[in-house]
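Notes follow the structure.
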There are 2 protein chains.
Amino acid sequence: GMRRGLVGAQARLAGDKKSRMRAPCTALGAPSLIFLHGISTISFQTWLSQFKQLKDYALPNSSWSQGMMDLYSKFLEMCKDGTWKRIPSYNRTVDHIPGKAGSNEKEQKKTRLFLRSMDAEGVGFEYAMFFNPSEKRMVCLFQPGPYLEGPPGFAHGGSTAAIIDSTVGSCALVVAGRAMTANLSINYRSPIPLGSVVLVDSKVDQVEERKVFLSCEVRSIDGQTLHAEATGKDLAAGFHR
Amino acid sequence: GMRRGLVGAQARLAGDKKSRMRAPCTALGAPSLIFLHGISTISFQTWLSQFKQLKDYALPNSSWSQGMMDLYSKFLEMCKDGTWKRIPSYNRTVDHIPGKAGSNEKEQKKTRLFLRSMDAEGVGFEYAMFFNPSEKRMVCLFQPGPYLEGPPGFAHGGSTAAIIDSTVGSCALVVAGRAMTANLSINYRSPIPLGSVVLVDSKVDQVEERKVFLSCEVRSIDGQTLHAEATGKDLAAGFHR
């Protein structure tokens, strides 16, 4: 019921391109957060209104390259028939949690979601995720900025690990409900140039009781360069679909 | 010769505690960088002077907790007889490279080493590394700040991966010379509370031709909580010791 209600709200919000791009919770991210934390104590309207005040960092900004914009537009186009869903992104963990989004509690004001912790546009992690429910697949368009440097001119292996962990973890969260990464194994194949755009492509391979097995590839836009491949194992605390 | 010369310079610099704490290159980090990039084109004095202007971010600041300070002092004490070496840390990749440190080239001014990319003290990665040559072991004292959040109140799995990658990679670099991470596999055991202090403890287990195999544990200061364990495989491009 709640899930169907959300889908209806998404359809209404998606009336034109502009409102769809600004929709606060057009993605499976929303239902997954319900599974994660429960929504029984607040009304749907209250819950929805909490997200309206928040800045969504997964929307285009002036730092995005043409390649990033083109890829974003391509996935947005594929959202029209519901094949893909855009995942919104805020700069605090708490803002992703129904009933707590927009909270001004002192402790929560001090913290930032790791991948959204840099204020200036373009210097850190510029990324946007899209989810394909039927394929249980989460992709992340990623443009690493100059503050993610490892080897001169290239993204730090730790920043690559972070975007993979975030994408794989989000995929597990949407598919399995409440989930935590238990293992992440990354093979680094080719370093990622700073300022380039790559596609982080993850999917659920198997679900065994509480264990969710995922795999992930990081490739250049043209698909020709395999930058990294990874496997992940998440432990679900909720139920599975 | 160069290596012995450096050790001598370090001994002179280490005359009193204050100067040792501020010494620009008291660690095996320095010789390893020579192996990494070669020093033949510049004089030792020129090279040394480049580091003197740079801010070393691996020194205590007001954001460090008592636990972090105590652990730092303990390792500094163990540096006195040469068992351990303190590794300096700058906020740009280029500043770690002999002949390029302190460079003001436009492109290099724009980039930041990923783990030193946040300006404010205490919000991001606060860490200091020490190397034990005879054990081929690199430890990293790590205090994750509020901008590294993943689950509410805990460090993001991606930030844990980043500090592990950095520690394991530095260990491989010092031991094997020029090296790149080829694989990193992390088992997450227990989430790391923001503001706590953990010890990232890595060592070289085996060297096979170009391959360097390493292992790593992340534990609470008292050793009782195993937060994560990891294995790494690095490919060396230089020679091995």
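Note on naming: chains are A, B, ... as they come in the structure tokens, residues start from 1 per chain, ligands start from 1 in the order shown.
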Q) If you run DSSP on the backbone, which residues of stretch 39-169 of chain B are strand (DSSP E), as JSON, numbers by chain? A) {"B": [85, 86, 87, 125, 126, 127, 128, 129, 130, 131, 132, 137, 138, 139, 140, 141, 142, 143, 144]}
Which residues of chain B sit at most 9 Å from chain A, using only C-alpha atoms? Give each one's shortest atom pair and distance in Å (one decimal place), in chain and ascending residue order, as a tab-separated table.
```
residue	atom	partner	partner_atom	distance
B:Arg92	CA	A:Glu149	CA	8.0
B:Thr93	CA	A:Pro152	CA	6.2
B:Val94	CA	A:Pro152	CA	6.8
B:Gln108	CA	A:Pro152	CA	8.5
B:Lys110	CA	A:Pro146	CA	6.4
B:Thr111	CA	A:Pro146	CA	4.5
B:Arg112	CA	A:Tyr147	CA	4.4
B:Leu113	CA	A:Glu149	CA	4.8
B:Phe114	CA	A:Leu148	CA	4.1
B:Leu115	CA	A:Leu148	CA	7.8
B:Arg116	CA	A:Tyr147	CA	8.4
B:Ser117	CA	A:Tyr147	CA	5.6
B:Met118	CA	A:Met118	CA	7.2
B:Val123	CA	A:Thr111	CA	8.5
B:Gly124	CA	A:Phe114	CA	8.6
B:Gly145	CA	A:Thr111	CA	8.3
B:Pro146	CA	A:Thr111	CA	4.5
B:Tyr147	CA	A:Arg112	CA	4.4
B:Leu148	CA	A:Phe114	CA	4.1
B:Glu149	CA	A:Leu113	CA	4.8
B:Gly150	CA	A:Leu113	CA	6.0
B:Pro151	CA	A:Thr93	CA	6.9
B:Pro152	CA	A:Thr93	CA	6.2
B:Gly153	CA	A:Thr111	CA	8.1
B:Ala155	CA	A:Phe114	CA	8.1
B:His156	CA	A:Phe114	CA	6.3
B:Gly157	CA	A:Asp165	CA	6.8
B:Gly158	CA	A:Ala162	CA	3.7
B:Ser159	CA	A:Ala162	CA	6.5
B:Thr160	CA	A:Ala162	CA	8.6
B:Ala161	CA	A:Gly158	CA	6.0
B:Ala162	CA	A:Gly158	CA	3.7
B:Ile163	CA	A:Gly158	CA	7.1
B:Ile164	CA	A:Gly158	CA	8.0
B:Asp165	CA	A:Gly158	CA	5.7
B:Ser166	CA	A:Gly158	CA	7.0
B:Met180	CA	A:Tyr188	CA	8.9
B:Thr181	CA	A:Tyr188	CA	6.8
B:Ala182	CA	A:Tyr188	CA	4.9
B:Asn183	CA	A:Asn187	CA	4.5
B:Leu184	CA	A:Ile186	CA	5.3
B:Ser185	CA	A:Ser185	CA	3.9
B:Ile186	CA	A:Leu184	CA	5.3
B:Asn187	CA	A:Asn183	CA	4.5
B:Tyr188	CA	A:Ala182	CA	4.9
B:Arg189	CA	A:Ala182	CA	7.0
```
Q.
Quick check, in Å to one decimal: how far apart do atom CA of B:Thr83 and atom CA of B:Leu199 lie?
A. 17.8 Å
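As for atom CA of B:Lys74 and atom CA of B:Gln206, they are spaced 28.0 Å apart.
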Q: Run DSSP on the backbone of this structure and report the residues of stretch 164-194 of chain A it assigns to alpha helix (DSSP H), as a PyMOL selection string.
A: chain A and resi 164-176
Q: Grab the atom CA of B:His227 to atom CA of A:Leu235 distance for me, in Å with one decimal place.
A: 15.7 Å
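By only C-alpha atoms, and with residues fewer than 6 positions from stretch 135-138 of chain B along its chain excluded, the set lying at most 9 Å from it is Met129, Thr167, Val168, Ser170, Cys171, Ala172, Val174, Val175, Val200, Asp201, Ser202, Lys203, Val204 and Asp205 of chain B.
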